[in-house]
Amino acid sequence: MLLEGKVLAITGGASGIGKAAALEAARQGADVAITDIVAPETVRSLLDEIEVTGRRALYLQGDVAEPETAVRFMSTIESQLGGLDVFVSNAGICPFHAFLDLPPDVLKKTIGVNLLGAYFMVQAAANQMVRQGRGGAIIAVSSISALVGGEFQTHYTPTKAGVHSLMQSTAIALGPHNIRCNSVLPGTIRTPINQEDLADEGKASAMIARIPLGRLGEPEDLAGPIVFLGSSLASYVTGAALLVDGGCFVNLQ
Ligand SMILES: NC(=O)C1=CN([C@@H]2O[C@H](COP(=O)(O)OP(=O)(O)OC[C@H]3O[C@@H](n4cnc5c(N)ncnc54)[C@H](O)[C@@H]3O)[C@@H](O)[C@H]2O)C=CC1
Ligand SMILES: C[C@H](O)[C@@H]1OC(=O)[C@H](O)[C@@H]1O
């Protein structure tokens, strides 16, 4: 098991990529702490699934855009699970909208959740790991959108470039503490975040046509890469970005 005896914490773990990563971490031997904005009843069955693996699970409801959520999350993890080894910054939103009339509130909310939320959480997790003095691993869920544009994502793609850049800078700042920082860059993965967007069958099939592996991603496709980056198999990997996109990015012509 790749995460035997470790504690992994993840934001936005109630759904999609975060949920799949939380479950795989437990299967790989980690106790799992989840924070998300949804009510605790929503994650009850997920916590049960984690506990069935023999690992401990905790849930804290909170908004990552509020800095105090990160502080509460770390102190809950310390008191209930005894510390933190792997932190995954995953919570995010993508309210598709045209550029020319994008309302300022949508811009502010997207930056607040995706970029400031990641910053607050990564900073709190890093401080927790530094206090513990036993190193650690931080993984940010960025996106292929850190590298390419999206007509209806002008407010979103800069946040994904931002979290990728955050991992590069924190890799330098935290290297002396033996804390590794990496990002995963998913392509298009079928989750609730894009259910409506992918209901446009023309758009979905055009995307699939560009993907050498011939399909959109599933949340489970990210679980292995996230666990790998959190594990000692990746002990000399820091400041890296791992594309998990079925080959979409490289397929220009
Ligand atoms: N699905 C995709 O195609 C891709 C997703 N991503 C990124 O993956 C991450 C996870 O997204 P998915 O699993 O696809 O979507 P999802 O909608 O299934 O999961 C996002 C989770 O974040 C939570 N969340 C939203 N706002 C929050 C807040 N303010 N505070 C705390 N939690 C909050 C949601 O409740 C949800 O559980 C996001 O950062 C997204 O940008 C990146 C590339 C592709
Ligand atoms: C939510 C979108 O379908 C998804 O988000 C990303 O970051 C990908 O690039 C896709 O556009």
# chains A, B, ... in the order shown; residues from 1 in each chain; ligands from 1
>>> residues_near_ligand(ligand="ligand 1", cutoff="7 Å", atoms="only C-alpha atoms and all ligand atoms", output="compact mmCIF listing (two decimals) with N, CA, C and O atoms, in the first residue's frame")
# COMPACT_ATOMS: atom_id res chain seq x y z
N THR A 11 -9.38 18.98 0.02
CA THR A 11 -10.50 19.93 -0.06
C THR A 11 -11.39 19.54 -1.24
O THR A 11 -10.92 18.97 -2.23
N GLY A 12 -12.67 19.84 -1.11
CA GLY A 12 -13.61 19.49 -2.19
C GLY A 12 -13.71 17.99 -2.37
O GLY A 12 -13.92 17.50 -3.49
N GLY A 13 -13.61 17.26 -1.27
CA GLY A 13 -13.58 15.79 -1.35
C GLY A 13 -14.95 15.13 -1.40
O GLY A 13 -15.04 13.90 -1.40
N ALA A 14 -16.02 15.94 -1.46
CA ALA A 14 -17.36 15.34 -1.43
C ALA A 14 -17.80 14.80 -2.78
O ALA A 14 -18.77 14.04 -2.86
N SER A 15 -17.10 15.17 -3.84
CA SER A 15 -17.62 14.88 -5.18
C SER A 15 -16.46 14.68 -6.16
O SER A 15 -15.31 15.05 -5.88
N GLY A 16 -16.76 14.09 -7.29
CA GLY A 16 -15.86 14.07 -8.44
C GLY A 16 -14.44 13.58 -8.14
O GLY A 16 -14.23 12.53 -7.53
N ILE A 17 -13.47 14.35 -8.59
CA ILE A 17 -12.05 13.97 -8.48
C ILE A 17 -11.65 13.83 -7.01
O ILE A 17 -10.94 12.89 -6.64
N GLY A 18 -12.10 14.76 -6.17
CA GLY A 18 -11.73 14.73 -4.76
C GLY A 18 -12.24 13.48 -4.06
O GLY A 18 -11.52 12.85 -3.27
N THR A 35 -12.58 18.26 3.64
CA THR A 35 -13.39 19.45 3.87
C THR A 35 -14.09 19.80 2.55
O THR A 35 -13.57 19.55 1.46
N ASP A 36 -15.29 20.33 2.69
CA ASP A 36 -16.08 20.69 1.51
C ASP A 36 -17.16 21.66 2.00
O ASP A 36 -17.41 21.77 3.21
N ILE A 37 -17.80 22.30 1.05
CA ILE A 37 -18.84 23.28 1.43
C ILE A 37 -20.19 22.61 1.69
O ILE A 37 -21.09 23.22 2.27
N VAL A 38 -20.34 21.35 1.31
CA VAL A 38 -21.65 20.69 1.41
C VAL A 38 -21.94 20.24 2.85
O VAL A 38 -21.03 20.06 3.66
N GLY A 62 -16.97 23.59 5.34
CA GLY A 62 -16.43 24.95 5.32
C GLY A 62 -16.20 25.43 3.90
O GLY A 62 -16.16 24.64 2.95
N ASP A 63 -16.02 26.74 3.79
CA ASP A 63 -15.78 27.39 2.49
C ASP A 63 -14.27 27.66 2.39
O ASP A 63 -13.73 28.41 3.22
N VAL A 64 -13.62 27.09 1.39
CA VAL A 64 -12.16 27.28 1.29
C VAL A 64 -11.78 28.74 1.03
O VAL A 64 -10.64 29.13 1.28
N ALA A 65 -12.72 29.53 0.52
CA ALA A 65 -12.42 30.94 0.24
C ALA A 65 -12.26 31.75 1.53
O ALA A 65 -11.77 32.89 1.49
N ASN A 90 -7.97 20.67 -3.87
CA ASN A 90 -8.76 20.20 -5.01
C ASN A 90 -10.05 21.00 -5.23
O ASN A 90 -10.52 21.10 -6.36
N ALA A 91 -10.61 21.61 -4.20
CA ALA A 91 -11.92 22.27 -4.34
C ALA A 91 -11.86 23.31 -5.45
O ALA A 91 -10.87 24.05 -5.58
N GLY A 92 -12.89 23.35 -6.26
CA GLY A 92 -12.91 24.34 -7.33
C GLY A 92 -14.29 24.47 -7.96
O GLY A 92 -15.14 23.59 -7.81
N ILE A 93 -14.48 25.59 -8.64
CA ILE A 93 -15.72 25.83 -9.38
C ILE A 93 -15.37 26.31 -10.79
O ILE A 93 -14.29 26.85 -11.01
N CYS A 94 -16.30 26.07 -11.70
CA CYS A 94 -16.08 26.51 -13.08
C CYS A 94 -17.42 26.95 -13.68
O CYS A 94 -18.04 26.22 -14.45
N VAL A 113 -12.48 31.14 -4.67
CA VAL A 113 -12.51 29.70 -4.35
C VAL A 113 -11.26 29.01 -4.90
O VAL A 113 -10.53 28.32 -4.18
N ASN A 114 -11.00 29.21 -6.20
CA ASN A 114 -9.97 28.38 -6.86
C ASN A 114 -8.54 28.80 -6.52
O ASN A 114 -7.67 27.94 -6.37
N VAL A 141 -4.71 20.36 -7.48
CA VAL A 141 -5.42 19.97 -8.70
C VAL A 141 -5.56 21.23 -9.56
O VAL A 141 -6.41 22.08 -9.32
N SER A 142 -4.65 21.33 -10.52
CA SER A 142 -4.68 22.44 -11.48
C SER A 142 -5.53 21.97 -12.66
O SER A 142 -6.62 21.43 -12.47
N SER A 143 -5.02 22.10 -13.87
CA SER A 143 -5.80 21.70 -15.05
C SER A 143 -4.97 21.84 -16.31
O SER A 143 -4.04 22.66 -16.37
N ILE A 144 -5.37 21.10 -17.33
CA ILE A 144 -4.85 21.37 -18.68
C ILE A 144 -5.12 22.84 -19.03
O ILE A 144 -4.39 23.46 -19.81
N SER A 145 -6.14 23.40 -18.38
CA SER A 145 -6.50 24.81 -18.61
C SER A 145 -5.46 25.78 -18.06
O SER A 145 -5.57 26.99 -18.29
N LEU A 185 -2.62 18.03 -13.69
CA LEU A 185 -3.34 18.83 -14.68
C LEU A 185 -4.33 17.94 -15.41
O LEU A 185 -4.00 17.35 -16.46
N PRO A 186 -5.53 17.80 -14.87
CA PRO A 186 -6.50 16.94 -15.55
C PRO A 186 -6.97 17.58 -16.86
O PRO A 186 -7.08 18.80 -16.97
N GLY A 187 -7.27 16.72 -17.84
CA GLY A 187 -8.00 17.17 -19.02
C GLY A 187 -9.46 17.25 -18.65
O GLY A 187 -9.80 17.58 -17.52
N THR A 188 -10.34 16.95 -19.58
CA THR A 188 -11.77 17.02 -19.24
C THR A 188 -12.21 15.69 -18.63
O THR A 188 -12.10 14.63 -19.25
N ILE A 189 -12.69 15.80 -17.40
CA ILE A 189 -13.08 14.64 -16.59
C ILE A 189 -14.59 14.78 -16.33
O ILE A 189 -15.04 15.85 -15.89
N ARG A 190 -15.33 13.72 -16.54
CA ARG A 190 -16.79 13.83 -16.32
C ARG A 190 -17.11 13.88 -14.83
O ARG A 190 -16.94 12.90 -14.11
N THR A 191 -17.55 15.06 -14.36
CA THR A 191 -17.97 15.23 -12.96
C THR A 191 -19.12 16.23 -12.95
O THR A 191 -19.41 16.86 -13.99
N PRO A 192 -19.73 16.47 -11.79
CA PRO A 192 -20.82 17.46 -11.75
C PRO A 192 -20.40 18.86 -12.22
O PRO A 192 -21.23 19.64 -12.68
N ILE A 193 -19.10 19.20 -12.14
CA ILE A 193 -18.67 20.56 -12.51
C ILE A 193 -18.97 20.88 -13.98
O ILE A 193 -19.14 22.03 -14.35
N ASN A 194 -18.98 19.84 -14.83
CA ASN A 194 -19.17 20.10 -16.26
C ASN A 194 -20.34 19.32 -16.87
O ASN A 194 -20.42 19.19 -18.09
N PRO A 219 -13.28 10.44 -12.81
CA PRO A 219 -12.61 10.88 -11.58
C PRO A 219 -11.51 9.90 -11.13
O PRO A 219 -10.45 10.32 -10.68
>>> residues_around(residues="Ala204 in chain A", least_positions_apart="3", cutoff="12 Å", atoms="only C-alpha atoms", output="ChimeraX atom specification")
/A:188-190,194-201,207-211,214-217
>>> residues_around(residues="Thr159 in chain A", least_positions_apart="2", cutoff="6 Å", atoms="only C-alpha atoms", output="list in words")
Asn114, Leu115, Tyr156, Thr157, Ala161 and Gly162 of chain A
>>> write_last_selection(atoms="C-alpha atoms", output="JSON list (two decimals), in the first residue's frame")
[["chain", "number", "residue", "atom", "x", "y", "z"],
["A", 114, "ASN", "CA", -9.97, 28.38, -6.86],
["A", 115, "LEU", "CA", -6.91, 30.55, -6.22],
["A", 156, "TYR", "CA", -11.28, 30.13, -14.62],
["A", 157, "THR", "CA", -8.14, 29.34, -16.64],
["A", 161, "ALA", "CA", -2.41, 28.60, -14.08],
["A", 162, "GLY", "CA", -2.19, 30.25, -10.66]]
>>> atom_distance(atom1="CA of Gln168 in chain A", atom2="CA of Met121 in chain A")
15.8 Å
>>> residues_around(residues="range 148-152 of chain A", least_positions_apart="4", cutoff="6 Å", atoms="only C-alpha atoms", output="count of residues only")
3
>>> residues_around(residues="Ala25 in chain A", least_positions_apart="4", cutoff="10 Å", atoms="only C-alpha atoms", output="PyMOL selection string")
chain A and resi 1-4+6-9+19-21+29-32+50+55+86+223-224+226-228+230-231
>>> write_last_selection(atoms="N, CA and C atoms", output="JSON list (two decimals), in the first residue's frame")
[["chain", "number", "residue", "atom", "x", "y", "z"],
["A", 1, "MET", "N", 0.84, -1.20, 0.00],
["A", 1, "MET", "CA", 0.00, 0.00, 0.00],
["A", 1, "MET", "C", 0.88, 1.25, 0.00],
["A", 2, "LEU", "N", 0.51, 2.21, -0.85],
["A", 2, "LEU", "CA", 1.39, 3.37, -1.06],
["A", 2, "LEU", "C", 1.33, 4.43, 0.04],
["A", 3, "LEU", "N", 0.22, 4.46, 0.80],
["A", 3, "LEU", "CA", 0.10, 5.51, 1.83],
["A", 3, "LEU", "C", -0.13, 4.91, 3.23],
["A", 4, "GLU", "N", 0.39, 3.74, 3.44],
["A", 4, "GLU", "CA", 0.23, 3.03, 4.73],
["A", 4, "GLU", "C", 0.62, 3.93, 5.91],
["A", 6, "LYS", "N", -0.28, 6.87, 6.73],
["A", 6, "LYS", "CA", -0.24, 8.32, 6.50],
["A", 6, "LYS", "C", -1.62, 8.94, 6.76],
["A", 7, "VAL", "N", -1.61, 10.26, 6.94],
["A", 7, "VAL", "CA", -2.87, 11.01, 6.99],
["A", 7, "VAL", "C", -2.92, 11.91, 5.75],
["A", 8, "LEU", "N", -3.97, 11.75, 4.98],
["A", 8, "LEU", "CA", -4.16, 12.58, 3.77],
["A", 8, "LEU", "C", -5.38, 13.47, 3.98],
["A", 9, "ALA", "N", -5.23, 14.75, 3.67],
["A", 9, "ALA", "CA", -6.36, 15.69, 3.76],
["A", 9, "ALA", "C", -6.63, 16.26, 2.39],
["A", 19, "LYS", "N", -13.46, 13.10, -4.37],
["A", 19, "LYS", "CA", -14.05, 11.90, -3.76],
["A", 19, "LYS", "C", -13.28, 10.65, -4.19],
["A", 20, "ALA", "N", -12.98, 10.55, -5.48],
["A", 20, "ALA", "CA", -12.25, 9.38, -5.98],
["A", 20, "ALA", "C", -10.85, 9.31, -5.35],
["A", 21, "ALA", "N", -10.21, 10.47, -5.19],
["A", 21, "ALA", "CA", -8.86, 10.48, -4.59],
["A", 21, "ALA", "C", -8.93, 10.11, -3.12],
["A", 29, "GLY", "N", -4.16, 2.86, 2.37],
["A", 29, "GLY", "CA", -3.68, 2.81, 3.75],
["A", 29, "GLY", "C", -3.71, 4.11, 4.52],
["A", 30, "ALA", "N", -4.26, 5.19, 3.95],
["A", 30, "ALA", "CA", -4.25, 6.48, 4.64],
["A", 30, "ALA", "C", -5.54, 6.73, 5.41],
["A", 31, "ASP", "N", -5.41, 7.39, 6.58],
["A", 31, "ASP", "CA", -6.58, 8.02, 7.20],
["A", 31, "ASP", "C", -6.87, 9.27, 6.38],
["A", 32, "VAL", "N", -8.17, 9.61, 6.27],
["A", 32, "VAL", "CA", -8.54, 10.67, 5.32],
["A", 32, "VAL", "C", -9.38, 11.76, 5.99],
["A", 50, "ILE", "N", -14.99, 4.89, 3.40],
["A", 50, "ILE", "CA", -13.59, 5.00, 3.84],
["A", 50, "ILE", "C", -13.38, 4.12, 5.07],
["A", 55, "ARG", "N", -9.73, 2.40, 7.69],
["A", 55, "ARG", "CA", -9.06, 3.67, 7.97],
["A", 55, "ARG", "C", -10.02, 4.65, 8.63],
["A", 86, "VAL", "N", -0.05, 14.22, 3.79],
["A", 86, "VAL", "CA", -0.30, 14.53, 2.38],
["A", 86, "VAL", "C", -1.49, 15.48, 2.31],
["A", 223, "ALA", "N", -7.11, 9.55, -9.42],
["A", 223, "ALA", "CA", -6.80, 9.04, -8.07],
["A", 223, "ALA", "C", -5.39, 8.46, -8.00],
["A", 224, "GLY", "N", -5.01, 7.66, -9.01],
["A", 224, "GLY", "CA", -3.67, 7.05, -9.02],
["A", 224, "GLY", "C", -2.57, 8.10, -9.06],
["A", 226, "ILE", "N", -2.62, 11.19, -8.11],
["A", 226, "ILE", "CA", -2.58, 11.96, -6.86],
["A", 226, "ILE", "C", -1.92, 11.12, -5.76],
["A", 227, "VAL", "N", -2.33, 9.86, -5.64],
["A", 227, "VAL", "CA", -1.73, 8.98, -4.62],
["A", 227, "VAL", "C", -0.23, 8.81, -4.88],
["A", 228, "PHE", "N", 0.13, 8.61, -6.14],
["A", 228, "PHE", "CA", 1.56, 8.45, -6.49],
["A", 228, "PHE", "C", 2.36, 9.67, -6.02],
["A", 230, "GLY", "N", 1.73, 11.71, -3.75],
["A", 230, "GLY", "CA", 1.74, 11.80, -2.29],
["A", 230, "GLY", "C", 2.62, 10.74, -1.64],
["A", 231, "SER", "N", 3.05, 9.76, -2.42],
["A", 231, "SER", "CA", 3.73, 8.59, -1.84],
["A", 231, "SER", "C", 5.25, 8.71, -1.93]]
>>> closest_residue(among="A:Leu147, A:Leu213, A:Val52, A:Leu102", to="ligand 2", atoms="only C-alpha atoms and all ligand atoms")
A:Leu147
>>> atom_distance(atom1="CA of Ser75 in chain A", atom2="CA of Leu166 in chain A")
23.2 Å
>>> select_by_dssp(residues="range 7-207 of chain A", states="helix (DSSP H, G or I)", output="number ranges by chain")
A: 16-27, 40-52, 67-81, 104-132, 144-146, 157-177, 192-198, 201-207
>>> atom_distance(atom1="CA of His177 in chain A", atom2="CA of Leu243 in chain A")
26.0 Å
>>> closest_residue(among="A:Ala33, A:Ala146, A:Ala173, A:Met74", to="Ala124 in chain A", atoms="only C-alpha atoms")
A:Met74
>>> residues_around(residues="Arg180 in chain A", least_positions_apart="5", cutoff="6 Å", atoms="only C-alpha atoms", output="list in words")
Ala137, Ala171 and Thr238 of chain A
>>> residues_around(residues="range 45-48 of chain A", least_positions_apart="5", cutoff="9 Å", atoms="only C-alpha atoms", output="ChimeraX atom specification")
/A:14,19,22-23,32,53,56-59
>>> select_by_dssp(residues="range 3-250 of chain A", states="strand (DSSP E or B)", output="JSON, numbers by chain")
{"A": [7, 8, 9, 10, 11, 31, 32, 33, 34, 35, 36, 57, 58, 59, 60, 61, 86, 87, 88, 89, 136, 137, 138, 139, 140, 141, 179, 180, 181, 182, 183, 184, 185, 186, 189, 217, 241, 242, 243, 244]}
>>> write_last_selection(atoms="C-alpha atoms", output="mmCIF file, in the first residue's frame")
data_model
loop_
_atom_site.group_PDB
_atom_site.id
_atom_site.type_symbol
_atom_site.label_atom_id
_atom_site.label_comp_id
_atom_site.auth_asym_id
_atom_site.auth_seq_id
_atom_site.Cartn_x
_atom_site.Cartn_y
_atom_site.Cartn_z
ATOM 1 C CA VAL A 7 -2.869 11.014 6.986
ATOM 2 C CA LEU A 8 -4.162 12.583 3.768
ATOM 3 C CA ALA A 9 -6.359 15.686 3.759
ATOM 4 C CA ILE A 10 -8.286 16.951 0.756
ATOM 5 C CA THR A 11 -10.496 19.930 -0.059
ATOM 6 C CA ASP A 31 -6.579 8.018 7.197
ATOM 7 C CA VAL A 32 -8.540 10.673 5.320
ATOM 8 C CA ALA A 33 -9.716 14.169 6.269
ATOM 9 C CA ILE A 34 -12.148 15.903 3.938
ATOM 10 C CA THR A 35 -13.393 19.453 3.869
ATOM 11 C CA ASP A 36 -16.081 20.691 1.510
ATOM 12 C CA ALA A 57 -12.327 9.441 8.190
ATOM 13 C CA LEU A 58 -13.266 12.946 9.280
ATOM 14 C CA TYR A 59 -15.334 15.673 7.662
ATOM 15 C CA LEU A 60 -15.349 19.420 8.232
ATOM 16 C CA GLN A 61 -17.889 21.622 6.444
ATOM 17 C CA VAL A 86 -0.296 14.533 2.379
ATOM 18 C CA PHE A 87 -2.421 17.542 1.475
ATOM 19 C CA VAL A 88 -4.504 17.801 -1.703
ATOM 20 C CA SER A 89 -5.899 21.200 -2.726
ATOM 21 C CA GLY A 136 5.160 15.910 3.632
ATOM 22 C CA ALA A 137 3.622 16.186 0.192
ATOM 23 C CA ILE A 138 1.255 18.791 -1.247
ATOM 24 C CA ILE A 139 -0.634 18.259 -4.484
ATOM 25 C CA ALA A 140 -2.762 20.904 -6.202
ATOM 26 C CA VAL A 141 -5.417 19.971 -8.703
ATOM 27 C CA ILE A 179 7.815 19.079 1.759
ATOM 28 C CA ARG A 180 7.252 18.260 -1.925
ATOM 29 C CA CYS A 181 4.796 20.325 -3.971
ATOM 30 C CA ASN A 182 3.376 19.192 -7.304
ATOM 31 C CA SER A 183 0.309 19.687 -9.427
ATOM 32 C CA VAL A 184 -1.855 17.401 -11.492
ATOM 33 C CA LEU A 185 -3.339 18.833 -14.680
ATOM 34 C CA PRO A 186 -6.501 16.945 -15.554
ATOM 35 C CA ILE A 189 -13.084 14.643 -16.593
ATOM 36 C CA GLY A 217 -11.596 11.130 -18.199
ATOM 37 C CA ALA A 241 3.161 19.135 -13.172
ATOM 38 C CA LEU A 242 1.580 15.879 -14.306
ATOM 39 C CA LEU A 243 -0.838 16.084 -17.235
ATOM 40 C CA VAL A 244 -3.642 13.524 -16.903
#
